[in-house]
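**Q** To start, I am sharing the structure in question, which I have written as C-alpha cells.
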Amino acid sequence: MTPSFSRRAALLTLTLILGTGLGGPGDAQDSDIPAVSAVPPTTPAPDPVPADPVPVNPVPANPVPELPPTPIPAPPAEPLQPAPEPPVPVLPAPVVPAPEVPVTPAVELPTPAPVRPAPAPLRPPVGSGVRGLWVDAFGPGLKTRAQITQMVDDAARMGVNTLFVQAIRRADCLCLKASVPRATDPDLEKGLDPLGLSVRLAHARGMRVIAWVSVTGIANAAVPNTNPAHISRTHGPNSGAASWMARRPDGSWQEGNDGWLDLGIPEAAEYAVQGVVSLVRNYGIDGVQLDRIRYPDGDVWGYDPKVLARYRAETGRTGTPALSDLTWQNWKRQQVTNVVRRITLEVKSLRPDAWITAATITYGQPPAPGDLAAFRRTRTYGDVLQDWPAWMQSGLIDLNVLMNYKRDAVGEQRGWFDGWNAFARGVQLRADGLSAGVAAGTAMYLNGAPVTADQAGRSVGAGLGWVGYSYRTPTLDVYGAKETTAQGLSTIQRLLTAPGAVLASPAPWKEKPPTSRGLMGRVTGTPVPGFRVVEALQNGQVVASSMTDGSGYYGFAALPPGKTEVRVSGQRWVDTVPERGVIRLPDLTVRDLKPVTAAPMPVTPAILSPSKP
C-alpha cells in the first residue's frame, strides 16, 4: 500500500482535522445426509434438511442441504483485433521504350483478397467447466486413509474434476489445522487429517479441492461434539448471556436436532469468519464453499436479547420487532451478506485466486430469468434471508452452486429445475463487466441414475457447471439401502461417461475466478460501529456503496482499479485499488457528534455502478 503507513496516518489526521475539526485516523443445501443402512435407524437421523413438496407416497427424503420441510439429506448453493488495412492495389509497371528493343509490358498482379482476422473465440461461461462431487462427512468417505484413497480413485475414474470436501461440519473440522476444534467422531482415524490428505491425493490426479464449510450449523443434539472447548459448550444454548445460538421469540433454539449460529451477534460472526480463513491459510485448497450461509427455515429467528439490543441501537427502532416487520427482515438479511463479504475480502486478501463459492437455496417455483422483483417474493429471500443474486452481482461470490434439488418425476419439479438454472444465468453479470459463475447442484440421492444424467446434461447444455450430491449416496437406490455405494457409483459412472454425456471427455478445471479487486477496512471508536453507510468514490463519483457490519468492518470486492476514496461517518481515506487483490486500509476512528439515528436500510446489498469512461 502506498504511501507509507506513517505518511498516510499523518495525511488522514490532517484531513480529519480540516474536515471535521476532530482528530482520528459478513448443505450444501444444508448438506447433512445421514448414513443409510439396510436396517432403518431407530434414532433420529442427523442433520435433516427440508425438500420441495412431495405428493402422497413420496420417495424417501434425506436430510438434504436446503430443501423445503420434508426430511431429506443435504449437501451444503462470463466476463464479457484491429481491422486489417485495406489492400493496396498493384498497378501495372510503366513501359519504358528502348530504342530497337521490344519491351513487354509488366504483368498486373492480382489484388490480394482482404485478410479478415479470425473471430476471437467465445470464452465459455464462468464455472461451466466444473464437474464436481460433494463428499460429505456424515458417513464413510472421509473417515480413514483407505476411504479417502478410494474416494479420490472413484472420482478420477468417473471423470470428476472438482471435489467439494466437507471440512467444517458443525463448528468442528475434519482436519488438524483450523481455528475450530477437530471433529469428535469415533469412526475418524486417529491422527488423520482428512482435508490435507484429500488435497494431496486429488491434486496428484489433476482435481481441484474446494473446502465445504457449514457456516451457521454448529450443533446437533443427537450427535454432539464432546470436546469441552467446542462452541456448543462455551457459547451454546446453556451459556446464558454468552450464548451465540439463533433463537425464536420464545427463546427456543432447536430446528429438529440442529442448533444454528446467529450472525447478528458480532462475536459469533467473527468466529465463523475466522474458521473459514484458517482453512485458506493452512491448506492448499483451491477455494471454499459456504453452506448454511443463511437463517434457519421459517424466518422466526434472531430473537436473542443481544441481537435485539443491537438492532435497536443501529436502527433507532424500539420494542420487539414482529416477524413480518420488513425493516427487521432486511436488517437480518444484511447480517448474512455482511459475513459473505467479510469472508470473501479476508480470503482474497490472502489469495486472490482462491474460489469463493456458495451452496444456495432454490426453494419452490423459480422467478423468470432476470426478474429480481419476483426473486424477492421467494422463500430464498424472504424466509431464509439469502440474497445470492446480489452476492453474484457485487463480486462477493465467484461461483454460485445452486442446491437445485428437484425430482423430475414429482409434479412441476422438472420445470422448476430448469427455471432456477435459467434465472441464475440471468443474474451473472457484474457491474464491472465480468460475471460470476453458476453450477447446478443436483440431488443424486433423490433421483434414479438416468434422471441425474439427464439433469447434468441439461445443466451443462445451458452453460452451467455441474455438481452432484453426493459421493456417498450417488443414487436413490443407494439412499434407500437397495444397493451399495459401489454399485450406485458404477451405475452413475456408466451413464455420465457414455458418449455425449457430461463426463464422456474428462477435462481438468483450470479456470481462474473472476477478477477480485477491492479494499476492506474497519471503523472504530464508537459503541455502535455497525449499520453505517460506506461509499467508494473514483474521479469524484460514487462507484459503490455498502454498510459496516456489527464489528465495524466494510469493504468492496469488485471495484475498478485505481485511486479510490472511501467515506464513512465523516471520515475518509484515499488509496489505490490494484489490478488484482484486496488491500486493507487502516482503522478509521469515528467521532459521533450526535446520537446515532436510523439509517436507511437498503433492500439489497449495494451493487457496483459501472465506472465512467
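Residues are referred to by chain and number: the chain letter is A, B, ... according to the order shown in the C-alpha cells, the number counts from 1 in that chain, and ligands are numbered separately from 1 in the order shown.
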Determine, using only C-alpha atoms, which residues of region 110-215 of chain A have any atom at most 10 Å from an atom of region 457-472 of chain A, and tabulate each with its shortest atom pair and distance in Å to one decimal place, rows ordered by chain and then rising number, as JSON lines.
**A**
{"residue": "A:Pro124", "atom": "CA", "partner": "A:Gly463", "partner_atom": "CA", "distance": 7.7}
{"residue": "A:Pro125", "atom": "CA", "partner": "A:Gly463", "partner_atom": "CA", "distance": 6.2}
{"residue": "A:Val126", "atom": "CA", "partner": "A:Leu464", "partner_atom": "CA", "distance": 8.1}
{"residue": "A:Gly127", "atom": "CA", "partner": "A:Gly465", "partner_atom": "CA", "distance": 5.6}
{"residue": "A:Ser128", "atom": "CA", "partner": "A:Gly465", "partner_atom": "CA", "distance": 4.0}
{"residue": "A:Gly129", "atom": "CA", "partner": "A:Gly465", "partner_atom": "CA", "distance": 5.5}
{"residue": "A:Val130", "atom": "CA", "partner": "A:Gly465", "partner_atom": "CA", "distance": 4.6}
{"residue": "A:Arg131", "atom": "CA", "partner": "A:Trp466", "partner_atom": "CA", "distance": 5.1}
{"residue": "A:Gly132", "atom": "CA", "partner": "A:Val467", "partner_atom": "CA", "distance": 4.2}
{"residue": "A:Leu133", "atom": "CA", "partner": "A:Gly468", "partner_atom": "CA", "distance": 4.9}
{"residue": "A:Trp134", "atom": "CA", "partner": "A:Ser470", "partner_atom": "CA", "distance": 5.0}
{"residue": "A:Val135", "atom": "CA", "partner": "A:Tyr471", "partner_atom": "CA", "distance": 5.4}
{"residue": "A:Asp136", "atom": "CA", "partner": "A:Ser470", "partner_atom": "CA", "distance": 7.2}
{"residue": "A:Ala137", "atom": "CA", "partner": "A:Arg472", "partner_atom": "CA", "distance": 9.2}
{"residue": "A:Phe138", "atom": "CA", "partner": "A:Arg472", "partner_atom": "CA", "distance": 9.0}
{"residue": "A:Gly139", "atom": "CA", "partner": "A:Arg472", "partner_atom": "CA", "distance": 7.3}
{"residue": "A:Pro140", "atom": "CA", "partner": "A:Arg472", "partner_atom": "CA", "distance": 7.0}
{"residue": "A:Gly141", "atom": "CA", "partner": "A:Arg472", "partner_atom": "CA", "distance": 6.7}
{"residue": "A:Leu142", "atom": "CA", "partner": "A:Arg472", "partner_atom": "CA", "distance": 10.0}
{"residue": "A:Met151", "atom": "CA", "partner": "A:Tyr471", "partner_atom": "CA", "distance": 7.8}
{"residue": "A:Asp154", "atom": "CA", "partner": "A:Tyr471", "partner_atom": "CA", "distance": 9.0}
{"residue": "A:Ala155", "atom": "CA", "partner": "A:Tyr471", "partner_atom": "CA", "distance": 8.3}
{"residue": "A:Val160", "atom": "CA", "partner": "A:Val467", "partner_atom": "CA", "distance": 9.1}
{"residue": "A:Thr162", "atom": "CA", "partner": "A:Val467", "partner_atom": "CA", "distance": 8.5}
{"residue": "A:Leu163", "atom": "CA", "partner": "A:Val467", "partner_atom": "CA", "distance": 8.9}
{"residue": "A:Phe164", "atom": "CA", "partner": "A:Val467", "partner_atom": "CA", "distance": 8.6}
**Q** Env of region 345-347 of chain A: 10 Å cut, atoms = only C-alpha atoms, seq-sep filter 3 positions within chain, self excluded. Answer as a ChimeraX atom specification.
**A** /A:26,273-274,276-281,287-288,339-342,350-356,396,516-521,554-557,581-584
**Q** If I take CA of Leu434 (chain A) and CA of Ala373 (chain A), how far is one from the other in Å, to one decimal?
**A**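 Going from CA of Leu434 (chain A) over to CA of Ala373 (chain A), I get 22.7 Å.
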**Q** How far is it from CA of Arg591 (chain A) to CA of Arg522 (chain A), in Å with one decimal?
**A**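 Separating CA of Arg591 (chain A) from CA of Arg522 (chain A) is a distance of 13.8 Å.
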**Q** Between A:Asp398, A:Asp587, A:Glu579, A:Asp291, which is the closest to Val336 (chain A) once you count only C-alpha atoms?
**A**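 The shortest atom-to-atom distance to Val336 (chain A) comes from A:Asp291.
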**Q** Within 8 Å of Tyr445 (chain A), counting only C-alpha atoms, which residues qualify if same-chain residues fewer than 3 places away don't, as a short mmCIF file (atom, residue, chain, number, x, y, z; two decimals) with all heavy atoms, in the first residue's frame?
**A**
data_model
loop_
_atom_site.label_atom_id
_atom_site.label_comp_id
_atom_site.auth_asym_id
_atom_site.auth_seq_id
_atom_site.Cartn_x
_atom_site.Cartn_y
_atom_site.Cartn_z
N ASN A 62 -34.22 -37.26 2.40
CA ASN A 62 -32.95 -37.34 3.09
C ASN A 62 -32.62 -35.98 3.65
O ASN A 62 -33.00 -35.00 3.07
CB ASN A 62 -31.90 -37.75 2.07
CG ASN A 62 -30.60 -38.02 2.69
OD1 ASN A 62 -30.51 -38.15 3.89
ND2 ASN A 62 -29.57 -38.12 1.91
N GLY A 448 -33.17 -41.43 -9.65
CA GLY A 448 -32.51 -42.56 -10.28
C GLY A 448 -31.37 -42.06 -11.14
O GLY A 448 -31.34 -40.89 -11.56
N TYR A 469 -24.74 -34.34 -5.62
CA TYR A 469 -24.78 -34.67 -4.20
C TYR A 469 -25.38 -36.06 -4.04
O TYR A 469 -26.56 -36.26 -4.32
CB TYR A 469 -25.63 -33.68 -3.41
CG TYR A 469 -25.52 -33.92 -1.93
CD1 TYR A 469 -24.45 -33.40 -1.20
CD2 TYR A 469 -26.43 -34.73 -1.27
CE1 TYR A 469 -24.33 -33.67 0.15
CE2 TYR A 469 -26.29 -35.01 0.08
CZ TYR A 469 -25.24 -34.48 0.78
OH TYR A 469 -25.10 -34.75 2.12
N SER A 470 -24.65 -37.05 -3.64
CA SER A 470 -23.28 -36.92 -3.18
C SER A 470 -22.50 -38.20 -3.53
O SER A 470 -23.08 -39.19 -3.97
CB SER A 470 -23.25 -36.72 -1.66
OG SER A 470 -23.61 -37.92 -1.00
N THR A 473 -23.94 -41.13 -1.49
CA THR A 473 -25.29 -41.58 -1.88
C THR A 473 -25.54 -41.17 -3.32
O THR A 473 -26.31 -40.23 -3.58
CB THR A 473 -26.35 -40.99 -0.95
OG1 THR A 473 -26.16 -39.56 -0.89
CG2 THR A 473 -26.26 -41.57 0.45
N PRO A 474 -24.93 -41.85 -4.29
CA PRO A 474 -24.98 -41.39 -5.68
C PRO A 474 -26.28 -41.69 -6.41
O PRO A 474 -26.48 -41.21 -7.53
CB PRO A 474 -23.80 -42.11 -6.33
CG PRO A 474 -23.68 -43.38 -5.54
CD PRO A 474 -24.02 -42.99 -4.13
N THR A 475 -27.17 -42.51 -5.82
CA THR A 475 -28.46 -42.80 -6.45
C THR A 475 -29.53 -42.94 -5.37
O THR A 475 -29.23 -43.15 -4.19
CB THR A 475 -28.42 -44.11 -7.26
OG1 THR A 475 -28.29 -45.21 -6.37
CG2 THR A 475 -27.29 -44.11 -8.28
N LEU A 476 -30.78 -42.88 -5.82
CA LEU A 476 -31.90 -43.08 -4.91
C LEU A 476 -31.87 -44.48 -4.30
O LEU A 476 -32.20 -44.66 -3.12
CB LEU A 476 -33.21 -42.86 -5.66
CG LEU A 476 -34.51 -43.11 -4.88
CD1 LEU A 476 -34.60 -42.20 -3.67
CD2 LEU A 476 -35.72 -42.92 -5.80
N ASP A 477 -31.46 -45.47 -5.08
CA ASP A 477 -31.40 -46.84 -4.56
C ASP A 477 -30.34 -46.98 -3.48
O ASP A 477 -30.52 -47.76 -2.53
CB ASP A 477 -31.15 -47.83 -5.69
CG ASP A 477 -32.41 -48.10 -6.51
OD1 ASP A 477 -33.50 -47.77 -6.03
OD2 ASP A 477 -32.29 -48.64 -7.63
N VAL A 478 -29.23 -46.27 -3.59
CA VAL A 478 -28.23 -46.30 -2.53
C VAL A 478 -28.80 -45.63 -1.28
O VAL A 478 -28.69 -46.15 -0.17
CB VAL A 478 -26.93 -45.59 -2.97
CG1 VAL A 478 -25.95 -45.49 -1.78
CG2 VAL A 478 -26.27 -46.34 -4.12
N TYR A 479 -29.44 -44.50 -1.46
CA TYR A 479 -30.02 -43.80 -0.33
C TYR A 479 -31.09 -44.65 0.36
O TYR A 479 -31.24 -44.62 1.57
CB TYR A 479 -30.62 -42.48 -0.80
CG TYR A 479 -31.22 -41.68 0.32
CD1 TYR A 479 -30.43 -41.23 1.37
CD2 TYR A 479 -32.58 -41.40 0.33
CE1 TYR A 479 -30.98 -40.52 2.41
CE2 TYR A 479 -33.15 -40.68 1.37
CZ TYR A 479 -32.33 -40.23 2.41
OH TYR A 479 -32.89 -39.53 3.45
#
**Q** Hey, can you check how far CA of Leu489 (chain A) sits from CA of Phe417 (chain A)?
**A**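 CA of Phe417 (chain A) lies at a distance of 23.0 Å from CA of Leu489 (chain A).
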**Q** Smallest atom-to-atom distance to Pro186 (chain A): which of A:Leu503, A:Arg376, A:Gly259, A:Thr226, using only C-alpha atoms?
**A**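 Using only C-alpha atoms, Pro186 (chain A) sits closest to A:Thr226.
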